[in-house]
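Shown next, in structure tokens, is the structure this report addresses.
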Amino acid sequence: MDKPSKIIIFSHNCLSKCGSNGRTLANLFYGWPKAALAQFYISNEIPDSPVCDKYYRITDMKALKAFYKGNRAGNVIKQAAPVDNFANKHTSLNTLYKRNRKRTPFNYIARNLLWDSNSWKSKDFKEWIEEFGPEAVLLQVGDYAFMFKIALNIAKERKIPLILYNSEDYYFKDRKSISLLYHIYRFQYKKQFEKLISFASFSIYNTEMLQETYNRRFKHRSAVIMTGSEVTPVKQERKNKEFIVSYLGNLEVGRHKPLIEVADALQEAAPGSCLDIYGKIPSEEVGQALRACPGIHLKGFVPYDEVVRVMKESDLLVHAENFSKYSQWDLKHAFSTKIADSLASGTCFFVYAPESMVFVKYLQKDKLACVVTLKKDLSNTLRLLLKDKELRQSYIDNALQAVRTRHDVVINSERFKEMVLLSGAESK
């Protein structure tokens with residue numbers, strides 16, 4: 001495909017260098033001309049991705065004001081914000097957004113009703129779509145049904161292909177509940193998703209196991225494109241010979257608990273060693289627990305460019321997941337965006353997480369990381385890993401080989417172009 005189709009993306013988050021969802025989506029379009037890409041999104045974020053400069057944003061608050069006041073809801077964003085301004089704006093705005101949006105059945109239903117009313121849909125939005133002239137729609141599947149309808153309607157109205165990018169098993173996440181509202185929400189979500197996937201020309205999944213899960217329920221055309229990474233391994237001899245162990249990323253969903261266990265085991269394996277943690281503290285409770293652990297150094301939130309630098313300068317990169325039954329159920333198919341970057345960094349990757357999780361099985365299969373699934377094995381495994389440089393290098397070599405075949409951003413972008421072409425060949 002010498003000239004990529006003009007694609008409009010519908011998603012919750014904007015394309016970005018810092019946000020995980022935005023970076024994953026942006027990597028699909030690596031090397032594409034900006035003129036071939038536009039995005040409609042709803043989160044209170046400022047985009048900073050170099051791959052796109054056409055954005056239309058409508059937040060929940062703007063949609064609500066349009067509903068009861070008749071205000072215009074949307075904003076055209078013609079230029080991406082400078083990277084150096086993004087981190088603070090992204091953090092403050094998105095924190096405010098999350099604080100005012102609790103994930104309750106009532107809020108899901110009310111949110112869907114608000115957006116389904118179409119009071120937010122203005123002449124300005126329609127003109128923005130018409131001016132861009134999309135030839136295909138890409139929808140990032142989330143847990144909100146109203147975005148399904150928006151993307152589906154655009155694809156039907158313009159008679160263009162609809163492609164789904166799916167990295168979660170939201171359709172299958174039915175919980176036991178006595179709440180009638182919960183069951184109404186789930187019924188509405190699943191019915192709308194069934195309409196969506198039956199119309200879609202193609203579905204793209206980020207792991208084979210997630211693809212297999214959906215294939216068992218739906219007959220549809222699909223393929224796998226794993227998360228890509230632009231990180232390149234550059235290792236230089238450091239003057240400081242201190243062994244550096246780092247964790248970079250989200251500290252929510254109970255991750256602080258296994259990280260504390262890793263830090264304790266690290267001190268037992270090598271007295272004096274510490275786990276450096278980079279990330280935003282989600283609550284005072286989590287902050288107190290982390291500060292109370294003598295084996296943890298809190299380094300605070302850092303922008304993505306700094307994250308990559310720390311990855312490359314570390315001797316061991318740590319990732320951990322909570323072992324609660326709920327986390328194992330909720331995060332079964334989760335595949336953290338930073339996993340691809342960690343594998344590509346040229347630094348040994350250490351993972352402490354339940355063996356039931358998809359990403360753990362993936363890493364174990366080809367020995368891409370040193371994986372521990374039982375607390376009792378932490379100290380001895382870390383002791384061996386810290387002493388044996390050749391063992392660390394074996395994991396690095398395996399990881400870099402996997403990156404070349406499955407996580408290379410250029411190759412994955414070319415695969416995505418092929419899938420767009422296949423979708424267009426049988427557009428509805």
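Ordered as shown in the structure tokens, chains take letters A, B, and onward, while each chain numbers its residues from 1 and ligands are numbered from 1 in the order shown.
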Check which residues of range 340-412 of chain A sit at most 12 Å from range 195-215 of chain A using only C-alpha atoms, and return one row each with the closest pair of atoms and their distance in Å to one decimal, ordered by chain and rising number, as CSV.
```
residue,atom,partner,partner_atom,distance
A:Ala340,CA,A:Asn206,CA,11.3
A:Ser356,CA,A:Met209,CA,11.8
A:Met357,CA,A:Met209,CA,10.3
A:Val358,CA,A:Met209,CA,7.0
A:Phe359,CA,A:Thr207,CA,8.5
A:Val360,CA,A:Met209,CA,11.7
A:Lys361,CA,A:Met209,CA,9.7
A:Tyr362,CA,A:Thr207,CA,8.8
A:Leu363,CA,A:Thr207,CA,11.9
A:Arg406,CA,A:Thr207,CA,10.2
A:His407,CA,A:Asn206,CA,10.4
A:Asn412,CA,A:Asn206,CA,11.0
```
Dump C-alpha atoms for the selected residues as an mmCIF file, in the first residue's frame?
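Generated file (again.cif):
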```
data_model
loop_
_atom_site.group_PDB
_atom_site.id
_atom_site.type_symbol
_atom_site.label_atom_id
_atom_site.label_comp_id
_atom_site.auth_asym_id
_atom_site.auth_seq_id
_atom_site.Cartn_x
_atom_site.Cartn_y
_atom_site.Cartn_z
ATOM 1 C CA ALA A 340 7.260 -4.333 24.865
ATOM 2 C CA SER A 356 -2.684 -17.497 35.180
ATOM 3 C CA MET A 357 -2.117 -14.149 33.460
ATOM 4 C CA VAL A 358 -1.671 -14.135 29.686
ATOM 5 C CA PHE A 359 1.448 -11.975 29.636
ATOM 6 C CA VAL A 360 3.136 -14.266 32.166
ATOM 7 C CA LYS A 361 2.513 -17.302 29.962
ATOM 8 C CA TYR A 362 3.847 -15.370 26.980
ATOM 9 C CA LEU A 363 7.075 -14.399 28.757
ATOM 10 C CA ARG A 406 6.697 -9.469 17.240
ATOM 11 C CA HIS A 407 7.212 -6.007 18.749
ATOM 12 C CA ASN A 412 3.890 -4.014 13.009
#
```
Which neighbours of Thr59 in chain A fall inside 7 Å, counting only C-alpha atoms, when residues of the same chain fewer than 6 positions from it are skipped, and could you give them as a ChimeraX atom specification?
/A:42-44
Smallest atom-to-atom distance to Leu259 in chain A: which of A:Lys365, A:His319, A:Arg103, A:Lys191, using only C-alpha atoms?
A:His319
Might you pull out every residue within 10 Å of range 175-189 of chain A, with only C-alpha atoms counted and same-chain residues fewer than 6 positions away left off, and present them as a list in words?
Thr104, Pro105, Phe106, Asn107, Tyr108, Ile109, Ala110, Asn112, Asp143, Tyr144, Ala145, Phe146, Phe148, Trp329 and Asp330 of chain A
Selection file, N, CA and C atoms, as a short mmCIF file (atom, residue, chain, number, x, y, z; two decimals), in the first residue's frame:
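Ended up saving to selection-v6.cif:
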```
data_model
loop_
_atom_site.label_atom_id
_atom_site.label_comp_id
_atom_site.auth_asym_id
_atom_site.auth_seq_id
_atom_site.Cartn_x
_atom_site.Cartn_y
_atom_site.Cartn_z
N THR A 104 -19.54 2.81 38.18
CA THR A 104 -20.70 2.12 38.75
C THR A 104 -21.68 1.81 37.62
N PRO A 105 -22.54 0.79 37.78
CA PRO A 105 -23.53 0.49 36.75
C PRO A 105 -24.39 1.70 36.39
N PHE A 106 -24.81 2.47 37.41
CA PHE A 106 -25.63 3.65 37.14
C PHE A 106 -24.89 4.63 36.25
N ASN A 107 -23.61 4.88 36.56
CA ASN A 107 -22.83 5.84 35.77
C ASN A 107 -22.62 5.35 34.34
N TYR A 108 -22.40 4.05 34.18
CA TYR A 108 -22.27 3.49 32.83
C TYR A 108 -23.54 3.72 32.02
N ILE A 109 -24.69 3.40 32.62
CA ILE A 109 -25.97 3.54 31.92
C ILE A 109 -26.25 5.01 31.62
N ALA A 110 -26.04 5.88 32.62
CA ALA A 110 -26.29 7.31 32.43
C ALA A 110 -25.36 7.89 31.36
N ASN A 112 -23.98 6.28 28.82
CA ASN A 112 -24.44 5.80 27.51
C ASN A 112 -25.66 6.58 27.04
N ASP A 143 -14.82 -0.23 27.44
CA ASP A 143 -15.91 -0.78 28.25
C ASP A 143 -17.13 0.14 28.23
N TYR A 144 -17.26 0.97 27.20
CA TYR A 144 -18.38 1.90 27.09
C TYR A 144 -19.05 1.70 25.73
N ALA A 145 -20.32 1.40 25.73
CA ALA A 145 -21.03 1.01 24.51
C ALA A 145 -21.32 2.18 23.59
N PHE A 146 -21.40 3.40 24.13
CA PHE A 146 -21.79 4.53 23.27
C PHE A 146 -20.76 4.80 22.18
N PHE A 148 -19.13 2.56 20.61
CA PHE A 148 -19.41 1.57 19.56
C PHE A 148 -20.40 2.15 18.55
N TRP A 329 -8.67 -12.42 37.92
CA TRP A 329 -9.83 -12.48 37.03
C TRP A 329 -9.89 -11.26 36.13
N ASP A 330 -9.76 -10.09 36.72
CA ASP A 330 -9.92 -8.83 35.99
C ASP A 330 -8.78 -8.59 35.00
#
```
Do you have, as JSON lines, the list of residues of range 186-300 of chain A lying at most 9 Å from range 18-27 of chain A, each with its nearest atom pair and that distance in Å to one decimal, counting only C-alpha atoms and ordered by chain then number?
```
{"residue": "A:Thr227", "atom": "CA", "partner": "A:Thr24", "partner_atom": "CA", "distance": 6.3}
{"residue": "A:Gly228", "atom": "CA", "partner": "A:Asn27", "partner_atom": "CA", "distance": 6.2}
{"residue": "A:Ser229", "atom": "CA", "partner": "A:Asn27", "partner_atom": "CA", "distance": 7.4}
{"residue": "A:Glu230", "atom": "CA", "partner": "A:Asn27", "partner_atom": "CA", "distance": 8.1}
```
Would you write out those residues with C-alpha atoms, as a PDB file, in the first residue's frame?
```pdb
ATOM      1  CA  THR A 227       2.338  -4.018  21.171  1.00  0.00           C
ATOM      2  CA  GLY A 228       5.153  -2.312  19.281  1.00  0.00           C
ATOM      3  CA  SER A 229       8.139  -0.450  20.680  1.00  0.00           C
ATOM      4  CA  GLU A 230      10.431   2.253  19.346  1.00  0.00           C
TER       5      GLU A 230
END
```
Per DSSP on the backbone, filter range 221-362 of chain A down to the residues in alpha helix (DSSP H) and report them as a PyMOL selection string.
chain A and resi 256-269+284-291+304-313+325-330+338-344+358-362
Write the residues you've just listed into a file as a PDB file, in the first residue's frame, and include C-alpha atoms for each of them.
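Output below, filename part_33.pdb:
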```pdb
ATOM      1  CA  HIS A 256       2.320  -1.774  45.378  1.00  0.00           C
ATOM      2  CA  LYS A 257       1.797  -4.964  47.402  1.00  0.00           C
ATOM      3  CA  PRO A 258       3.826  -7.346  45.187  1.00  0.00           C
ATOM      4  CA  LEU A 259       6.415  -4.577  44.667  1.00  0.00           C
ATOM      5  CA  ILE A 260       6.950  -4.406  48.427  1.00  0.00           C
ATOM      6  CA  GLU A 261       7.440  -8.190  48.450  1.00  0.00           C
ATOM      7  CA  VAL A 262      10.016  -7.867  45.662  1.00  0.00           C
ATOM      8  CA  ALA A 263      11.854  -5.107  47.553  1.00  0.00           C
ATOM      9  CA  ASP A 264      11.932  -7.188  50.760  1.00  0.00           C
ATOM     10  CA  ALA A 265      13.230 -10.223  48.851  1.00  0.00           C
ATOM     11  CA  LEU A 266      15.821  -8.058  47.109  1.00  0.00           C
ATOM     12  CA  GLN A 267      17.233  -6.895  50.430  1.00  0.00           C
ATOM     13  CA  GLU A 268      17.303 -10.469  51.660  1.00  0.00           C
ATOM     14  CA  ALA A 269      19.109 -11.616  48.517  1.00  0.00           C
ATOM     15  CA  GLU A 284      -2.004   8.274  50.605  1.00  0.00           C
ATOM     16  CA  GLU A 285      -2.546   4.684  51.744  1.00  0.00           C
ATOM     17  CA  VAL A 286      -0.362   3.355  48.917  1.00  0.00           C
ATOM     18  CA  GLY A 287       2.225   6.074  49.563  1.00  0.00           C
ATOM     19  CA  GLN A 288       2.487   5.204  53.249  1.00  0.00           C
ATOM     20  CA  ALA A 289       2.914   1.498  52.500  1.00  0.00           C
ATOM     21  CA  LEU A 290       5.682   2.151  49.966  1.00  0.00           C
ATOM     22  CA  ARG A 291       7.504   4.684  52.167  1.00  0.00           C
ATOM     23  CA  TYR A 304       8.326   8.974  28.863  1.00  0.00           C
ATOM     24  CA  ASP A 305      11.737  10.042  27.528  1.00  0.00           C
ATOM     25  CA  GLU A 306      13.099   9.781  31.052  1.00  0.00           C
ATOM     26  CA  VAL A 307      11.402   6.394  31.491  1.00  0.00           C
ATOM     27  CA  VAL A 308      13.321   5.056  28.488  1.00  0.00           C
ATOM     28  CA  ARG A 309      16.610   6.454  29.829  1.00  0.00           C
ATOM     29  CA  VAL A 310      16.082   4.789  33.216  1.00  0.00           C
ATOM     30  CA  MET A 311      15.189   1.491  31.518  1.00  0.00           C
ATOM     31  CA  LYS A 312      18.450   1.468  29.609  1.00  0.00           C
ATOM     32  CA  GLU A 313      20.573   2.474  32.587  1.00  0.00           C
ATOM     33  CA  LYS A 325      -8.484 -13.468  43.039  1.00  0.00           C
ATOM     34  CA  TYR A 326     -10.168 -10.367  41.666  1.00  0.00           C
ATOM     35  CA  SER A 327      -6.974  -9.097  40.015  1.00  0.00           C
ATOM     36  CA  GLN A 328      -6.293 -12.488  38.458  1.00  0.00           C
ATOM     37  CA  TRP A 329      -9.827 -12.485  37.026  1.00  0.00           C
ATOM     38  CA  ASP A 330      -9.917  -8.835  35.990  1.00  0.00           C
ATOM     39  CA  LYS A 338       5.454  -1.157  28.942  1.00  0.00           C
ATOM     40  CA  ILE A 339       6.195  -4.876  28.478  1.00  0.00           C
ATOM     41  CA  ALA A 340       7.260  -4.333  24.865  1.00  0.00           C
ATOM     42  CA  ASP A 341       9.483  -1.407  25.880  1.00  0.00           C
ATOM     43  CA  SER A 342      11.037  -3.455  28.685  1.00  0.00           C
ATOM     44  CA  LEU A 343      11.820  -6.323  26.331  1.00  0.00           C
ATOM     45  CA  ALA A 344      13.344  -3.901  23.793  1.00  0.00           C
ATOM     46  CA  VAL A 358      -1.671 -14.135  29.686  1.00  0.00           C
ATOM     47  CA  PHE A 359       1.448 -11.975  29.636  1.00  0.00           C
ATOM     48  CA  VAL A 360       3.136 -14.266  32.166  1.00  0.00           C
ATOM     49  CA  LYS A 361       2.513 -17.302  29.962  1.00  0.00           C
ATOM     50  CA  TYR A 362       3.847 -15.370  26.980  1.00  0.00           C
TER      51      TYR A 362
END
```
Show me, as a PDB file with C-alpha atoms, in the first residue's frame, the residues that have an atom within 6 Å of range 366-382 of chain A when counting only C-alpha atoms, minus same-chain residues fewer than 6 positions from it.
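Contents of result-v4.pdb, freshly written:
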```
ATOM      1  CA  ALA A 265      13.230 -10.223  48.851  1.00  0.00           C
ATOM      2  CA  ALA A 269      19.109 -11.616  48.517  1.00  0.00           C
ATOM      3  CA  PHE A 349      13.329  -8.131  32.680  1.00  0.00           C
ATOM      4  CA  PHE A 350      12.087  -9.574  36.014  1.00  0.00           C
ATOM      5  CA  VAL A 351       8.387 -10.316  36.536  1.00  0.00           C
ATOM      6  CA  TYR A 352       6.537 -11.290  39.707  1.00  0.00           C
ATOM      7  CA  ALA A 353       2.910 -12.128  38.911  1.00  0.00           C
ATOM      8  CA  PRO A 354       0.320 -14.946  38.943  1.00  0.00           C
ATOM      9  CA  GLU A 355       0.929 -17.709  36.408  1.00  0.00           C
ATOM     10  CA  TYR A 395      16.984 -13.381  28.967  1.00  0.00           C
ATOM     11  CA  ASN A 398      15.661 -13.982  23.975  1.00  0.00           C
ATOM     12  CA  ALA A 399      13.761 -10.742  24.552  1.00  0.00           C
TER      13      ALA A 399
END
```
Just checking: using only C-alpha atoms, which residue out of A:Gly272, A:Pro282, A:Gly31, A:Pro50 ends up closest to Ser413 in chain A?
A:Gly31
Where in range 44-280 of chain A does DSSP assign strand (DSSP E), given as a PyMOL selection string?
chain A and resi 55-57+75-77+136-140+162-166+202-205+222-224+245-248+275-278
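CA of Val231 in chain A sits 24.9 Å away from CA of His297 in chain A.
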In Å, how far is it from CA of Gln140 in chain A to CA of Ala35 in chain A?
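Going from CA of Gln140 in chain A over to CA of Ala35 in chain A, I get 20.3 Å.
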Name the residues in contact with Lys65 in chain A at a cut-off of 12 Å, using only C-alpha atoms, excluding same-chain residues fewer than 6 positions from it; report them as a ChimeraX atom specification.
/A:58-59,71-74,114-115,119-120
Pairwise distance for CA of Ala36 in chain A and CA of Val224 in chain A, rounded to one decimal in Å
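It comes out at 22.7 Å.
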